[in-house]
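Asker: File query_7.cif follows (mmCIF, C-alpha atoms):
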```cif
data_data
loop_
_atom_site.group_PDB
_atom_site.id
_atom_site.type_symbol
_atom_site.label_atom_id
_atom_site.label_comp_id
_atom_site.auth_asym_id
_atom_site.auth_seq_id
_atom_site.Cartn_x
_atom_site.Cartn_y
_atom_site.Cartn_z
ATOM 1 C CA MET A 1 -107.276 -1.941 -240.965
ATOM 2 C CA ASN A 2 -108.206 0.559 -243.672
ATOM 3 C CA GLU A 3 -111.077 1.854 -241.553
ATOM 4 C CA TYR A 4 -108.654 2.572 -238.701
ATOM 5 C CA VAL A 5 -106.291 4.494 -241.013
ATOM 6 C CA GLU A 6 -109.189 6.489 -242.460
ATOM 7 C CA ASN A 7 -110.410 7.444 -238.952
ATOM 8 C CA VAL A 8 -106.936 8.540 -237.943
ATOM 9 C CA ASN A 9 -106.562 10.631 -241.099
ATOM 10 C CA THR A 10 -109.915 12.328 -240.626
ATOM 11 C CA CYS A 11 -109.048 13.113 -237.007
ATOM 12 C CA ALA A 12 -105.722 14.568 -238.058
ATOM 13 C CA ARG A 13 -107.355 16.730 -240.743
ATOM 14 C CA ARG A 14 -109.920 18.312 -238.442
ATOM 15 C CA THR A 15 -109.527 22.019 -238.035
ATOM 16 C CA TYR A 16 -110.387 23.729 -234.796
ATOM 17 C CA SER A 17 -112.115 27.051 -234.851
ATOM 18 C CA THR A 18 -110.714 29.953 -232.902
ATOM 19 C CA ARG A 19 -114.122 30.801 -231.516
ATOM 20 C CA ALA A 20 -114.804 29.474 -228.037
ATOM 21 C CA ALA A 21 -117.584 26.982 -227.794
ATOM 22 C CA PRO A 22 -120.721 28.609 -226.384
ATOM 23 C CA ALA A 23 -121.165 25.794 -223.864
ATOM 24 C CA SER A 24 -117.702 26.410 -222.402
ATOM 25 C CA LEU A 25 -118.454 30.110 -221.836
ATOM 26 C CA ALA A 26 -121.911 29.757 -220.309
ATOM 27 C CA ALA A 27 -121.892 30.909 -216.667
ATOM 28 C CA LEU A 28 -118.125 31.297 -216.748
ATOM 29 C CA GLU A 29 -118.237 33.659 -213.758
ATOM 30 C CA THR A 30 -119.411 30.881 -211.465
ATOM 31 C CA ARG A 31 -117.048 28.209 -212.817
ATOM 32 C CA TRP A 32 -113.845 30.213 -213.358
ATOM 33 C CA GLY A 33 -112.249 29.497 -209.978
ATOM 34 C CA LYS A 34 -112.926 25.758 -210.286
ATOM 35 C CA LEU A 35 -111.457 25.398 -213.788
ATOM 36 C CA PRO A 36 -107.927 24.053 -214.136
ATOM 37 C CA GLU A 37 -105.333 26.700 -214.907
ATOM 38 C CA ALA A 38 -104.653 25.196 -218.344
ATOM 39 C CA GLU A 39 -108.313 25.469 -219.301
ATOM 40 C CA GLN A 40 -108.475 29.035 -217.996
ATOM 41 C CA GLY A 41 -105.503 29.901 -220.190
ATOM 42 C CA ALA A 42 -107.065 28.187 -223.220
ATOM 43 C CA ILE A 43 -110.326 30.088 -222.793
ATOM 44 C CA ALA A 44 -108.485 33.371 -222.335
ATOM 45 C CA ASP A 45 -106.388 32.729 -225.446
ATOM 46 C CA ARG A 46 -109.441 31.876 -227.550
ATOM 47 C CA LEU A 47 -111.215 35.007 -226.376
ATOM 48 C CA LEU A 48 -108.142 37.102 -227.123
ATOM 49 C CA VAL A 49 -108.262 35.936 -230.745
ATOM 50 C CA VAL A 50 -112.002 36.648 -230.974
ATOM 51 C CA GLU A 51 -111.553 40.107 -229.419
ATOM 52 C CA LYS A 52 -109.127 41.090 -232.176
ATOM 53 C CA GLY A 53 -111.987 40.807 -234.651
ATOM 54 C CA ASP A 54 -115.196 42.780 -234.808
ATOM 55 C CA TRP A 55 -116.877 42.967 -231.409
ATOM 56 C CA LYS A 56 -120.284 43.100 -233.072
ATOM 57 C CA ASN A 57 -119.760 39.532 -234.257
ATOM 58 C CA MET A 58 -119.076 38.258 -230.725
ATOM 59 C CA THR A 59 -121.834 36.420 -228.907
ATOM 60 C CA LEU A 60 -123.174 37.731 -225.618
ATOM 61 C CA ASP A 61 -121.461 34.887 -223.708
ATOM 62 C CA GLU A 62 -118.141 35.751 -225.363
ATOM 63 C CA LYS A 63 -118.521 39.414 -224.389
ATOM 64 C CA ARG A 64 -119.428 38.509 -220.815
ATOM 65 C CA ALA A 65 -116.535 36.070 -220.555
ATOM 66 C CA ALA A 66 -114.071 38.603 -221.975
ATOM 67 C CA TYR A 67 -115.287 41.268 -219.542
ATOM 68 C CA PHE A 68 -115.084 38.842 -216.600
ATOM 69 C CA ILE A 69 -111.573 37.717 -217.499
ATOM 70 C CA ALA A 70 -110.424 41.338 -217.808
ATOM 71 C CA TYR A 71 -112.258 42.885 -214.843
ATOM 72 C CA GLY A 72 -113.909 40.098 -212.834
ATOM 73 C CA GLU A 73 -113.397 39.182 -209.214
ATOM 74 C CA HIS A 74 -110.761 36.502 -209.570
ATOM 75 C CA GLY A 75 -107.073 36.279 -208.779
ATOM 76 C CA ALA A 76 -105.804 39.478 -207.178
ATOM 77 C CA ARG A 77 -109.252 41.088 -207.398
ATOM 78 C CA ASN A 78 -110.862 38.281 -205.404
ATOM 79 C CA PRO A 79 -112.977 39.720 -202.578
ATOM 80 C CA LYS A 80 -111.404 39.326 -199.155
ATOM 81 C CA ASP A 81 -112.726 36.708 -196.820
ATOM 82 C CA PRO A 82 -114.440 38.580 -193.952
ATOM 83 C CA LEU A 83 -113.365 35.926 -191.469
ATOM 84 C CA LEU A 84 -109.710 36.249 -192.466
ATOM 85 C CA THR A 85 -109.301 39.616 -190.731
ATOM 86 C CA LYS A 86 -110.888 38.280 -187.561
ATOM 87 C CA ALA A 87 -108.729 35.155 -187.628
ATOM 88 C CA VAL A 88 -105.518 37.159 -188.091
ATOM 89 C CA LEU A 89 -106.535 39.513 -185.276
ATOM 90 C CA ALA A 90 -107.386 36.582 -182.985
ATOM 91 C CA TYR A 91 -104.130 34.718 -183.624
ATOM 92 C CA SER A 92 -102.093 37.918 -183.247
ATOM 93 C CA SER A 93 -103.835 38.726 -179.963
ATOM 94 C CA VAL A 94 -103.192 35.237 -178.645
ATOM 95 C CA PHE A 95 -99.477 35.393 -179.443
ATOM 96 C CA VAL A 96 -99.081 38.924 -178.050
ATOM 97 C CA GLY A 97 -100.914 37.800 -174.895
ATOM 98 C CA ILE A 98 -98.622 34.791 -174.542
ATOM 99 C CA ALA A 99 -95.558 36.993 -175.004
ATOM 100 C CA ALA A 100 -96.820 39.530 -172.415
ATOM 101 C CA GLY A 101 -97.621 36.730 -169.971
ATOM 102 C CA MET A 102 -94.141 35.258 -170.391
ATOM 103 C CA TYR A 103 -92.554 38.685 -169.890
ATOM 104 C CA PHE A 104 -94.445 39.410 -166.683
ATOM 105 C CA TRP A 105 -93.808 35.888 -165.378
ATOM 106 C CA TRP A 106 -90.105 36.357 -166.093
ATOM 107 C CA GLN A 107 -90.135 39.651 -164.183
ATOM 108 C CA THR A 108 -91.516 37.905 -161.109
ATOM 109 C CA GLN A 109 -88.890 35.172 -161.285
ATOM 110 C CA LYS A 110 -85.890 37.493 -161.317
ATOM 111 C CA PRO A 111 -84.108 37.721 -157.942
ATOM 112 C CA ILE A 112 -83.974 41.129 -156.248
ATOM 113 C CA VAL A 113 -80.448 42.455 -156.498
ATOM 114 C CA ARG A 114 -79.241 43.517 -153.034
ATOM 115 C CA THR A 115 -77.521 46.636 -154.403
ATOM 116 C CA MET A 116 -80.863 47.942 -155.701
ATOM 117 C CA THR A 117 -82.702 47.980 -152.369
ATOM 118 C CA PRO A 118 -83.569 51.371 -150.775
ATOM 119 C CA GLU A 119 -81.405 50.571 -147.713
ATOM 120 C CA TRP A 120 -78.372 49.981 -149.923
ATOM 121 C CA LYS A 121 -79.001 53.242 -151.841
ATOM 122 C CA ALA A 122 -79.238 55.220 -148.551
ATOM 123 C CA ALA A 123 -76.006 53.686 -147.262
ATOM 124 C CA GLU A 124 -74.342 54.412 -150.616
ATOM 125 C CA ASN A 125 -75.357 58.088 -150.437
ATOM 126 C CA GLU A 126 -74.072 58.372 -146.848
ATOM 127 C CA ARG A 127 -70.726 56.885 -147.857
ATOM 128 C CA ALA A 128 -70.496 59.287 -150.857
ATOM 129 C CA ILE A 129 -71.077 62.273 -148.537
ATOM 130 C CA GLU A 130 -68.415 61.009 -146.109
ATOM 131 C CA LEU A 131 -65.860 60.678 -148.908
ATOM 132 C CA LYS A 132 -66.980 63.955 -150.556
ATOM 133 C CA GLN A 133 -67.502 62.176 -153.890
ATOM 134 C CA ASN A 134 -68.793 63.974 -157.000
ATOM 135 C CA PRO A 135 -69.292 67.535 -155.767
ATOM 136 C CA PHE A 136 -70.981 68.540 -159.042
ATOM 137 C CA GLN A 137 -73.881 66.066 -159.455
ATOM 138 C CA GLY A 138 -73.899 63.390 -156.746
ATOM 139 C CA ALA A 139 -75.235 63.191 -153.213
ATOM 140 C CA TYR A 140 -72.393 65.412 -151.935
ATOM 141 C CA ALA A 141 -73.467 68.121 -154.423
ATOM 142 C CA GLU A 142 -76.890 68.261 -152.721
ATOM 143 C CA VAL A 143 -75.174 68.744 -149.328
ATOM 144 C CA LEU A 144 -73.058 71.579 -150.770
ATOM 145 C CA LYS A 145 -76.180 73.267 -152.204
ATOM 146 C CA LYS A 146 -77.851 73.157 -148.788
ATOM 147 C CA GLU A 147 -74.751 74.615 -147.149
ATOM 148 C CA GLY A 148 -74.606 77.320 -149.806
ATOM 149 C CA LYS A 149 -71.183 76.470 -151.187
#
```
What do you get writing this file as structure tokens?
Answerer:
Amino acid sequence: MNEYVENVNTCARRTYSTRAAPASLAALETRWGKLPEAEQGAIADRLLVVEKGDWKNMTLDEKRAAYFIAYGEHGARNPKDPLLTKAVLAYSSVFVGIAAGMYFWWQTQKPIVRTMTPEWKAAENERAIELKQNPFQGAYAEVLKKEGK
């Protein structure tokens, strides 16, 4: 029982250094994206404390890790996936093509309105001339221009 209490007390009295362990910073550039967010935050916090001190006392791994965290290609600075642009363009083209196909199919399915046929328009113009409708802009206006009135 006493051994257990002594082990617990020694564990509780341990002090943790603010310097990041060299093993945790080795090749950080390759592992950063795979690390859990909590561990990324812990490493960044430890490096922030170390950076406040003299930079000459920092190890090379600490300097590299600090530079990578500040300026490396992660997060918003992650390089774009070259296939992403092609995929977006392909999907957009497919959906625009489907929409255009549906539009043109719909245009072929609409019935022809009988008042829009050329025969109807000719009969309409004849009737307007008979009734002398719209002498300023309509079909009767064209007759008046020809007559010189």
Asker: Counting all atoms listed in the file, note down every residue that has an atom within 10 Å of the point (-111.6, 34.2, -209.8) (file coordinates), as a PyMOL selection string.
Answerer: chain A and resi 28-35+68-69+72-79
Asker: By how many Å are CA of Val113 in chain A and CA of Ala100 in chain A apart?
Answerer: 23.0 Å
Asker: Could you state the separation of CA of Ala123 in chain A and CA of Val143 in chain A in Å, given to one decimal place?
Answerer: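 Separation between CA of Ala123 in chain A and CA of Val143 in chain A: 15.2 Å.
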Asker: List the neighbours of Ser24 in chain A out to 10 Å using all atoms listed in the file; skip same-chain residues closer than 5 positions along the sequence, and give me the result as JSON, numbers by chain.
Answerer: {"A": [31, 39, 43, 61, 62, 65]}
